[in-house]
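This is start-v9.csv. It holds CSV, C-alpha atoms and all ligand atoms.
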```csv
chain,number,residue,atom,x,y,z
A,598,LEU,CA,-40.1,-14.7,100.1
A,599,PHE,CA,-41.5,-17.0,97.4
A,600,ARG,CA,-44.8,-15.8,96.5
A,601,ARG,CA,-46.8,-18.1,94.4
A,602,PRO,CA,-47.4,-16.4,91.0
A,603,GLN,CA,-51.1,-15.7,90.7
A,604,LEU,CA,-52.6,-16.0,87.3
A,605,HIS,CA,-55.1,-13.4,86.2
A,606,PRO,CA,-58.5,-15.1,85.5
A,607,VAL,CA,-58.2,-14.2,81.8
A,608,GLN,CA,-54.7,-15.6,81.7
A,609,ALA,CA,-55.9,-18.8,83.4
A,610,ALA,CA,-58.6,-19.2,80.8
A,611,VAL,CA,-56.2,-18.8,77.9
A,612,VAL,CA,-53.9,-21.4,79.4
A,613,LEU,CA,-56.8,-23.8,80.0
A,614,ALA,CA,-58.0,-23.3,76.4
A,615,THR,CA,-54.5,-23.9,75.0
A,616,LEU,CA,-54.1,-27.1,77.0
A,617,THR,CA,-57.5,-28.4,75.9
A,618,VAL,CA,-56.7,-27.7,72.2
A,619,THR,CA,-53.3,-29.4,72.6
A,620,LEU,CA,-54.8,-32.5,74.3
A,621,LEU,CA,-57.6,-32.8,71.8
A,622,GLY,CA,-55.0,-32.6,69.0
A,623,ALA,CA,-53.0,-35.3,70.6
A,624,VAL,CA,-56.0,-37.6,70.9
A,625,ALA,CA,-57.0,-36.9,67.3
A,626,CYS,CA,-53.5,-37.8,66.2
A,627,THR,CA,-53.3,-41.0,68.1
A,628,ALA,CA,-56.9,-42.0,67.1
A,629,LYS,CA,-56.3,-41.6,63.4
A,630,PRO,CA,-53.8,-44.4,62.8
A,631,ALA,CA,-55.7,-46.7,65.1
A,632,GLN,CA,-58.8,-46.3,62.9
A,633,THR,CA,-56.7,-46.9,59.8
A,634,ALA,CA,-55.3,-50.1,61.3
A,635,ALA,CA,-58.7,-51.4,62.2
A,636,ALA,CA,-60.1,-50.9,58.7
A,637,PRO,CA,-59.8,-53.9,56.4
A,638,SER,CA,-57.0,-53.4,54.0
A,639,PRO,CA,-57.8,-53.7,50.3
A,640,SER,CA,-55.1,-56.3,49.9
A,641,GLY,CA,-57.2,-58.6,52.1
A,642,SER,CA,-54.8,-59.5,54.9
A,643,ILE,CA,-56.6,-61.8,57.3
A,644,VAL,CA,-55.6,-62.5,60.8
A,645,THR,CA,-56.1,-66.1,61.2
A,646,GLU,CA,-55.9,-66.5,64.9
A,647,GLU,CA,-59.7,-66.1,65.3
A,648,PRO,CA,-60.8,-67.5,68.7
A,649,THR,CA,-64.5,-67.8,67.6
A,650,PRO,CA,-65.8,-69.4,64.4
A,651,GLU,CA,-66.9,-67.2,61.6
A,652,PRO,CA,-70.6,-66.6,61.8
A,653,THR,CA,-70.9,-66.4,58.0
A,654,PRO,CA,-71.7,-69.6,56.0
A,655,THR,CA,-69.2,-68.7,53.3
A,656,PRO,CA,-66.0,-70.8,53.1
A,657,SER,CA,-63.2,-69.5,55.3
A,658,LEU,CA,-60.8,-69.4,52.4
A,659,GLU,CA,-61.8,-65.8,51.7
A,660,LEU,CA,-59.1,-63.5,50.6
A,661,THR,CA,-61.5,-60.5,50.6
A,662,PRO,CA,-61.9,-58.7,53.9
A,663,GLU,CA,-64.9,-59.6,56.1
A,664,PRO,CA,-67.3,-56.8,55.2
A,665,THR,CA,-69.6,-57.3,58.1
A,666,ALA,CA,-67.0,-57.3,60.8
A,667,PRO,CA,-67.2,-54.1,62.9
A,668,PRO,CA,-63.9,-52.4,63.5
A,669,LYS,CA,-62.6,-53.4,66.9
A,670,THR,CA,-61.5,-50.3,68.7
A,671,THR,CA,-60.3,-52.1,71.8
A,672,ALA,CA,-58.7,-55.1,70.1
A,673,PRO,CA,-55.0,-55.7,70.8
A,674,PRO,CA,-52.6,-55.2,67.9
A,675,PRO,CA,-52.8,-58.2,65.5
A,676,PRO,CA,-50.0,-60.7,65.8
A,677,PRO,CA,-47.6,-60.6,62.9
A,678,ALA,CA,-48.1,-64.3,62.0
A,679,PRO,CA,-49.6,-66.5,60.8
A,680,VAL,CA,-51.5,-64.7,58.1
A,681,VAL,CA,-52.9,-65.8,54.8
A,682,PRO,CA,-50.5,-64.8,52.1
A,683,VAL,CA,-51.7,-61.5,50.5
A,684,ASN,CA,-49.5,-61.7,47.4
A,685,LEU,CA,-51.7,-64.3,45.8
A,686,PRO,CA,-54.3,-63.6,43.1
A,687,MET,CA,-57.7,-62.9,44.5
A,688,GLN,CA,-59.6,-66.2,44.3
A,689,THR,CA,-62.4,-68.0,46.0
A,690,GLY,CA,-61.9,-71.6,45.7
A,691,THR,CA,-64.4,-73.6,43.6
A,692,GLY,CA,-63.3,-77.0,45.0
A,693,PRO,CA,-65.0,-78.8,47.9
A,694,ALA,CA,-65.6,-76.4,50.9
A,695,GLY,CA,-64.0,-73.5,49.0
A,696,SER,CA,-60.7,-75.3,48.4
A,697,LEU,CA,-58.6,-74.2,45.4
A,698,ARG,CA,-59.2,-75.9,42.2
A,699,SER,CA,-56.7,-73.9,40.1
A,700,THR,CA,-53.5,-72.0,40.6
A,701,GLY,CA,-55.2,-68.6,40.2
A,702,SER,CA,-52.9,-67.7,37.3
A,703,GLU,CA,-52.2,-69.1,33.8
A,704,SER,CA,-49.5,-71.3,35.2
A,705,VAL,CA,-49.8,-75.0,36.0
A,706,ALA,CA,-48.8,-76.7,39.2
A,707,LEU,CA,-47.7,-80.3,39.6
A,708,THR,CA,-48.7,-81.7,43.0
A,709,PHE,CA,-47.3,-84.9,44.4
A,710,ASP,CA,-49.1,-86.5,47.4
A,711,ASP,CA,-48.5,-89.1,50.1
A,712,GLY,CA,-44.7,-88.8,50.5
A,713,PRO,CA,-42.0,-88.6,51.4
A,714,ASP,CA,-41.3,-92.0,50.0
A,715,PRO,CA,-37.7,-93.2,50.7
A,716,VAL,CA,-37.4,-94.8,47.2
A,717,TYR,CA,-39.5,-92.7,44.8
A,718,THR,CA,-39.5,-89.2,46.2
A,719,PRO,CA,-35.7,-88.8,45.7
A,720,GLN,CA,-36.1,-90.1,42.1
A,721,MET,CA,-38.9,-87.7,41.4
A,722,LEU,CA,-36.8,-84.8,42.9
A,723,ASP,CA,-33.9,-85.9,40.5
A,724,LEU,CA,-36.3,-85.9,37.5
A,725,LEU,CA,-37.7,-82.4,38.4
A,726,LYS,CA,-34.2,-81.0,39.0
A,727,ALA,CA,-33.0,-82.4,35.6
A,728,HIS,CA,-35.8,-80.5,33.9
A,729,GLY,CA,-35.6,-77.4,36.1
A,730,VAL,CA,-39.2,-77.8,37.3
A,731,LYS,CA,-40.5,-76.9,40.8
A,732,ALA,CA,-43.5,-78.7,42.1
A,733,THR,CA,-45.6,-78.9,45.2
A,734,PHE,CA,-45.4,-81.9,47.7
A,735,CYS,CA,-48.2,-82.8,50.0
A,736,LEU,CA,-46.5,-84.6,52.8
A,737,ILE,CA,-47.9,-87.1,55.4
A,738,GLY,CA,-46.7,-86.1,58.9
A,739,ARG,CA,-45.9,-89.7,59.9
A,740,LEU,CA,-43.6,-90.1,56.9
A,741,ALA,CA,-42.1,-86.7,57.2
A,742,ASP,CA,-41.2,-87.7,60.8
A,743,ALA,CA,-39.6,-90.9,59.5
A,744,TYR,CA,-37.7,-89.3,56.5
A,745,PRO,CA,-36.8,-85.8,57.5
A,746,ALA,CA,-33.8,-85.6,55.1
A,747,ILE,CA,-36.1,-86.0,52.2
A,748,VAL,CA,-38.4,-83.2,53.5
A,749,ALA,CA,-35.3,-81.0,53.9
A,750,ARG,CA,-34.3,-81.8,50.3
A,751,ILE,CA,-37.8,-81.0,48.9
A,752,ALA,CA,-37.6,-77.6,50.7
A,753,ALA,CA,-34.0,-76.9,49.8
A,754,GLU,CA,-34.7,-77.5,46.1
A,755,GLY,CA,-37.4,-74.9,46.0
A,756,HIS,CA,-40.6,-76.9,45.9
A,757,THR,CA,-43.7,-75.8,47.8
A,758,LEU,CA,-44.7,-77.7,51.0
A,759,CYS,CA,-48.2,-78.8,51.7
A,760,ASN,CA,-49.6,-80.5,54.8
A,761,HIS,CA,-51.4,-83.8,53.9
A,762,THR,CA,-52.4,-84.8,57.6
A,763,TRP,CA,-50.5,-87.0,60.0
A,764,SER,CA,-51.7,-90.4,58.8
A,765,HIS,CA,-53.9,-89.8,55.8
A,766,SER,CA,-57.2,-90.4,57.6
A,767,LEU,CA,-59.9,-90.1,55.0
A,768,ASP,CA,-62.5,-89.1,57.6
A,769,LEU,CA,-60.5,-86.4,59.4
A,770,GLY,CA,-63.1,-83.9,58.2
A,771,LYS,CA,-65.7,-85.7,60.3
A,772,GLN,CA,-63.7,-85.5,63.5
A,773,THR,CA,-63.9,-82.7,66.2
A,774,LYS,CA,-62.2,-79.4,65.6
A,775,GLU,CA,-59.7,-80.3,68.3
A,776,VAL,CA,-58.7,-83.6,66.6
A,777,MET,CA,-58.3,-81.8,63.3
A,778,LEU,CA,-56.2,-79.0,64.8
A,779,ASN,CA,-53.9,-81.5,66.6
A,780,ASP,CA,-53.5,-83.6,63.5
A,781,LEU,CA,-52.6,-80.6,61.2
A,782,MET,CA,-50.3,-79.0,63.9
A,783,ALA,CA,-48.4,-82.2,64.5
A,784,THR,CA,-47.9,-82.6,60.8
A,785,SER,CA,-46.7,-79.1,60.3
A,786,ASN,CA,-44.4,-79.4,63.3
A,787,VAL,CA,-42.5,-82.4,62.0
A,788,ILE,CA,-42.2,-80.7,58.6
A,789,HIS,CA,-40.9,-77.5,60.2
A,790,LYS,CA,-38.5,-79.6,62.3
A,791,ALA,CA,-37.1,-81.2,59.1
A,792,ALA,CA,-37.1,-78.0,57.1
A,793,PRO,CA,-36.8,-75.1,59.5
A,794,GLY,CA,-38.0,-71.8,58.0
A,795,ALA,CA,-39.7,-73.4,55.0
A,796,PRO,CA,-43.2,-72.1,54.8
A,797,ILE,CA,-46.2,-74.5,54.7
A,798,LYS,CA,-48.9,-72.5,53.1
A,799,TYR,CA,-51.1,-75.3,51.7
A,800,PHE,CA,-53.2,-78.1,53.0
A,801,ARG,CA,-54.8,-80.9,51.2
A,802,ALA,CA,-57.3,-83.2,52.8
A,803,PRO,CA,-56.7,-86.9,52.1
A,804,GLY,CA,-58.9,-88.0,49.2
A,805,GLY,CA,-59.9,-84.3,48.7
A,806,TYR,CA,-62.5,-84.8,51.5
A,807,PHE,CA,-62.5,-81.2,52.6
A,808,THR,CA,-65.2,-80.0,55.0
A,809,THR,CA,-65.9,-76.4,56.0
A,810,THR,CA,-64.5,-77.0,59.5
A,811,LEU,CA,-61.4,-78.7,58.1
A,812,VAL,CA,-60.8,-75.8,55.8
A,813,GLU,CA,-61.4,-73.4,58.7
A,814,VAL,CA,-58.8,-75.2,60.8
A,815,ALA,CA,-56.3,-75.2,58.0
A,816,THR,CA,-56.9,-71.5,57.5
A,817,SER,CA,-56.4,-70.8,61.2
A,818,LEU,CA,-52.9,-72.3,60.8
A,819,GLY,CA,-52.1,-70.1,57.8
A,820,MET,CA,-52.7,-72.8,55.2
A,821,ARG,CA,-54.8,-72.5,52.0
A,822,SER,CA,-56.8,-75.6,51.2
A,823,MET,CA,-55.8,-77.0,47.8
A,824,TYR,CA,-57.9,-79.3,45.7
A,825,TRP,CA,-57.0,-80.1,42.1
A,826,GLY,CA,-58.3,-79.7,38.6
A,827,VAL,CA,-56.7,-82.7,36.9
A,828,ASP,CA,-56.6,-86.0,38.6
A,829,THR,CA,-54.3,-88.6,37.0
A,830,ARG,CA,-55.8,-91.4,39.3
A,831,ASP,CA,-52.4,-93.0,39.2
A,832,TRP,CA,-53.4,-95.2,42.2
A,833,GLU,CA,-56.3,-96.9,40.3
A,834,THR,CA,-54.4,-100.0,39.2
A,835,SER,CA,-57.7,-102.0,39.1
A,836,LYS,CA,-58.7,-99.9,36.1
A,837,TRP,CA,-55.5,-99.0,34.4
A,838,GLY,CA,-53.2,-101.8,35.4
A,839,THR,CA,-49.5,-101.4,36.1
A,840,GLY,CA,-46.5,-100.7,33.9
A,841,GLN,CA,-47.0,-99.3,30.4
A,842,THR,CA,-50.8,-99.2,30.5
A,843,MET,CA,-50.8,-97.1,33.6
A,844,VAL,CA,-48.0,-94.9,32.2
A,845,ASN,CA,-50.0,-94.3,29.0
A,846,HIS,CA,-53.1,-93.5,31.0
A,847,ILE,CA,-51.3,-90.9,33.2
A,848,VAL,CA,-49.7,-89.3,30.1
A,849,SER,CA,-53.0,-89.2,28.3
A,850,VAL,CA,-54.8,-87.6,31.2
A,851,ILE,CA,-52.2,-84.9,31.5
A,852,GLU,CA,-52.0,-84.2,27.8
A,853,THR,CA,-55.8,-84.0,27.3
A,854,LYS,CA,-57.0,-82.5,30.5
A,855,THR,CA,-54.4,-79.9,31.4
A,856,ARG,CA,-55.7,-76.3,31.0
A,857,ARG,CA,-54.2,-72.9,31.9
A,858,GLY,CA,-54.2,-72.7,35.7
A,859,SER,CA,-54.6,-76.4,36.3
A,860,ILE,CA,-53.5,-78.1,39.5
A,861,ILE,CA,-52.5,-81.6,38.5
A,862,LEU,CA,-52.7,-84.4,41.1
A,863,SER,CA,-50.3,-87.3,41.1
A,864,HIS,CA,-48.5,-89.4,43.8
A,865,ASP,CA,-44.9,-89.9,44.5
A,866,ALA,CA,-45.3,-92.7,47.1
A,867,HIS,CA,-44.9,-96.3,45.8
A,868,LYS,CA,-45.6,-95.1,42.3
A,869,PRO,CA,-42.9,-96.2,39.8
A,870,ASP,CA,-45.4,-95.8,36.9
A,871,THR,CA,-46.0,-92.2,37.9
A,872,LEU,CA,-42.3,-91.6,37.8
A,873,ALA,CA,-42.1,-93.2,34.3
A,874,ALA,CA,-45.0,-91.2,33.1
A,875,TYR,CA,-43.5,-87.9,34.2
A,876,LYS,CA,-40.2,-88.8,32.5
A,877,GLN,CA,-42.3,-89.0,29.3
A,878,VAL,CA,-44.7,-86.1,29.9
A,879,LEU,CA,-42.5,-83.4,31.4
A,880,PRO,CA,-41.1,-82.3,28.0
A,881,TRP,CA,-44.7,-82.0,26.7
A,882,LEU,CA,-45.7,-79.9,29.7
A,883,GLN,CA,-42.7,-77.7,29.5
A,884,ALA,CA,-43.4,-77.0,25.8
A,885,ASN,CA,-47.0,-76.1,26.4
A,886,VAL,CA,-47.5,-74.5,29.8
A,887,LYS,CA,-45.5,-72.7,32.5
A,888,LEU,CA,-45.0,-74.9,35.4
A,889,ILE,CA,-44.8,-73.4,38.9
A,890,PRO,CA,-44.7,-74.5,42.5
A,891,MET,CA,-47.9,-73.2,44.2
A,892,PRO,CA,-47.1,-69.6,45.2
A,893,VAL,CA,-46.2,-69.0,48.8
B,901,ZN,ZN,-53.2,-88.6,49.7
```

So that I can check it, write out the structure of this file as structure tokens.
Ligand SMILES: [Zn+2]
Amino acid sequence: LFRRPQLHPVQAAVVLATLTVTLLGAVACTAKPAQTAAAPSPSGSIVTEEPTPEPTPTPSLELTPEPTAPPKTTAPPPPPAPVVPVNLPMQTGTGPAGSLRSTGSESVALTFDDGPDPVYTPQMLDLLKAHGVKATFCLIGRLADAYPAIVARIAAEGHTLCNHTWSHSLDLGKQTKEVMLNDLMATSNVIHKAAPGAPIKYFRAPGGYFTTTLVEVATSLGMRSMYWGVDTRDWETSKWGTGQTMVNHIVSVIETKTRRGSIILSHDAHKPDTLAAYKQVLPWLQANVKLIPMPV
């Protein structure tokens, strides 16, 4: 009753050819976007969750795509985060271990290290707010854990956050990669806890003692390593004293050393003279340069 329809050999060949063409077309269509995704994009997006260390001796703070990396055809789709921000100007850092020495634009960034300080950081925030200035704060994890409300205020007022290690160990760069990773992660975790959703895109090694490995670890956590171009040395009381002599020194350094693109280093922890100096020098800065928080 139900006879199986027999295909004529010619008909069968046509069907087979059609199927082959269709299948090949499908493969070509799916293969094309995969190839595009594997190719390095001109904007230089870098997936930072790299399980093995980079074989090249260049600093890991590269914004340009790795030219020698072969396209991975079997690699899983890259995770959406964390990635190095791609909206920043192309720049290879000229600071230690490839860290940033300038903002990458004509604008100038004020950076304040070693807080949050329960006394002086709020006063610095008040001063910056009164002048409508946004800055960058390099926070110590231990202190961020102790004063989360100040961290939250820094973020809420539009300043850029920077990881300055858990306890300001000057020789963190000499430790194992695991110790570095744990330190930086613990620091970022308490900052995130205090200011959920606020990005931490910068890392500054205590004393500026960046090493290649430390910069690599920071990069793997989505942070760019930030050195400085102008150092106020506002901690050096043995040389500059305290009170008006220190204030004069800080103001003088800023007014004579600041250039377009400068990153200026000062401290907001236990530094009343720095606060006084900024009260004096902020109008000069605002009249002469564009002040920005480090771009995130
Ligand atoms: Zn410091």

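The space separating CA of Ser822 in chain A from CA of Met891 in chain A comes to 11.6 Å.
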
Name the residues in contact with Ile861 in chain A at a cut-off of 8 Å, using all atoms listed in the file, excluding same-chain residues fewer than 3 positions from it; report them as a ChimeraX atom specification.
-> /A:705-708,825-829,851,855

For the interface of chain A with ligand ZN 901 (chain B) (cut-off 9 Å, counting all atoms listed in the file), please tabulate each contacting residue of chain A alongside its nearest pair of atoms and their separation in Å to one decimal, rows sorted by chain and increasing number, as a Markdown table.
```
| residue | atom | partner | partner_atom | distance |
| --- | --- | --- | --- | --- |
| A:Phe709 | CA | B:ZN901 | ZN | 8.8 |
| A:Asp710 | CA | B:ZN901 | ZN | 5.1 |
| A:Asp711 | CA | B:ZN901 | ZN | 4.7 |
| A:Gly712 | CA | B:ZN901 | ZN | 8.5 |
| A:Cys735 | CA | B:ZN901 | ZN | 7.7 |
| A:Leu736 | CA | B:ZN901 | ZN | 8.4 |
| A:Ile737 | CA | B:ZN901 | ZN | 7.9 |
| A:His761 | CA | B:ZN901 | ZN | 6.6 |
| A:Thr762 | CA | B:ZN901 | ZN | 8.8 |
| A:His765 | CA | B:ZN901 | ZN | 6.3 |
| A:Leu767 | CA | B:ZN901 | ZN | 8.7 |
| A:Arg801 | CA | B:ZN901 | ZN | 8.0 |
| A:Ala802 | CA | B:ZN901 | ZN | 7.5 |
| A:Pro803 | CA | B:ZN901 | ZN | 4.6 |
| A:Gly804 | CA | B:ZN901 | ZN | 5.8 |
| A:Gly805 | CA | B:ZN901 | ZN | 8.0 |
| A:His864 | CA | B:ZN901 | ZN | 7.6 |
```

Need the neighbours of (-47.6, -97.5, 34.5): which residues are at most 12 Å away, counting only C-alpha atoms, as JSON, numbers by chain?
-> {"A": [829, 830, 831, 832, 833, 834, 835, 836, 837, 838, 839, 840, 841, 842, 843, 844, 845, 846, 847, 848, 849, 867, 868, 869, 870, 871, 872, 873, 874, 875, 876, 877]}

Quick one: residues within 12 Å of Val776 in chain A, all atoms listed in the file, excluding same-chain residues fewer than 6 positions away - as a JSON list (two decimals) with C-alpha atoms, in the coordinates of the input?
```json
[["chain", "number", "residue", "atom", "x", "y", "z"],
["A", 762, "THR", "CA", -52.40, -84.80, 57.60],
["A", 763, "TRP", "CA", -50.50, -87.00, 60.00],
["A", 766, "SER", "CA", -57.20, -90.40, 57.60],
["A", 768, "ASP", "CA", -62.50, -89.10, 57.60],
["A", 769, "LEU", "CA", -60.50, -86.40, 59.40],
["A", 770, "GLY", "CA", -63.10, -83.90, 58.20],
["A", 782, "MET", "CA", -50.30, -79.00, 63.90],
["A", 783, "ALA", "CA", -48.40, -82.20, 64.50],
["A", 810, "THR", "CA", -64.50, -77.00, 59.50],
["A", 811, "LEU", "CA", -61.40, -78.70, 58.10],
["A", 814, "VAL", "CA", -58.80, -75.20, 60.80]]
```

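We find CA of Pro796 in chain A and CA of Glu754 in chain A to be spaced 13.3 Å apart.
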
Distance criterion (only C-alpha atoms): nearest to Ala732 in chain A out of A:Val748, A:Leu758, A:Ala791, A:Leu778 | A:Leu758

Selected residue, from A:Val730, A:Ile751, A:Ala694, A:Ile797, that lies nearest to Glu813 in chain A when counting only C-alpha atoms | A:Ala694

Hey, what's within 12 Å of Tyr744 in chain A if we count only C-alpha atoms and toss same-chain stuff fewer than 2 positions away? As a PyMOL selection string, please?
-> chain A and resi 712-716+718-719+736-742+746-751+787-788+790-792

Correct to one decimal, the distance CA of Thr757 in chain A-CA of Thr733 in chain A is 4.5 Å
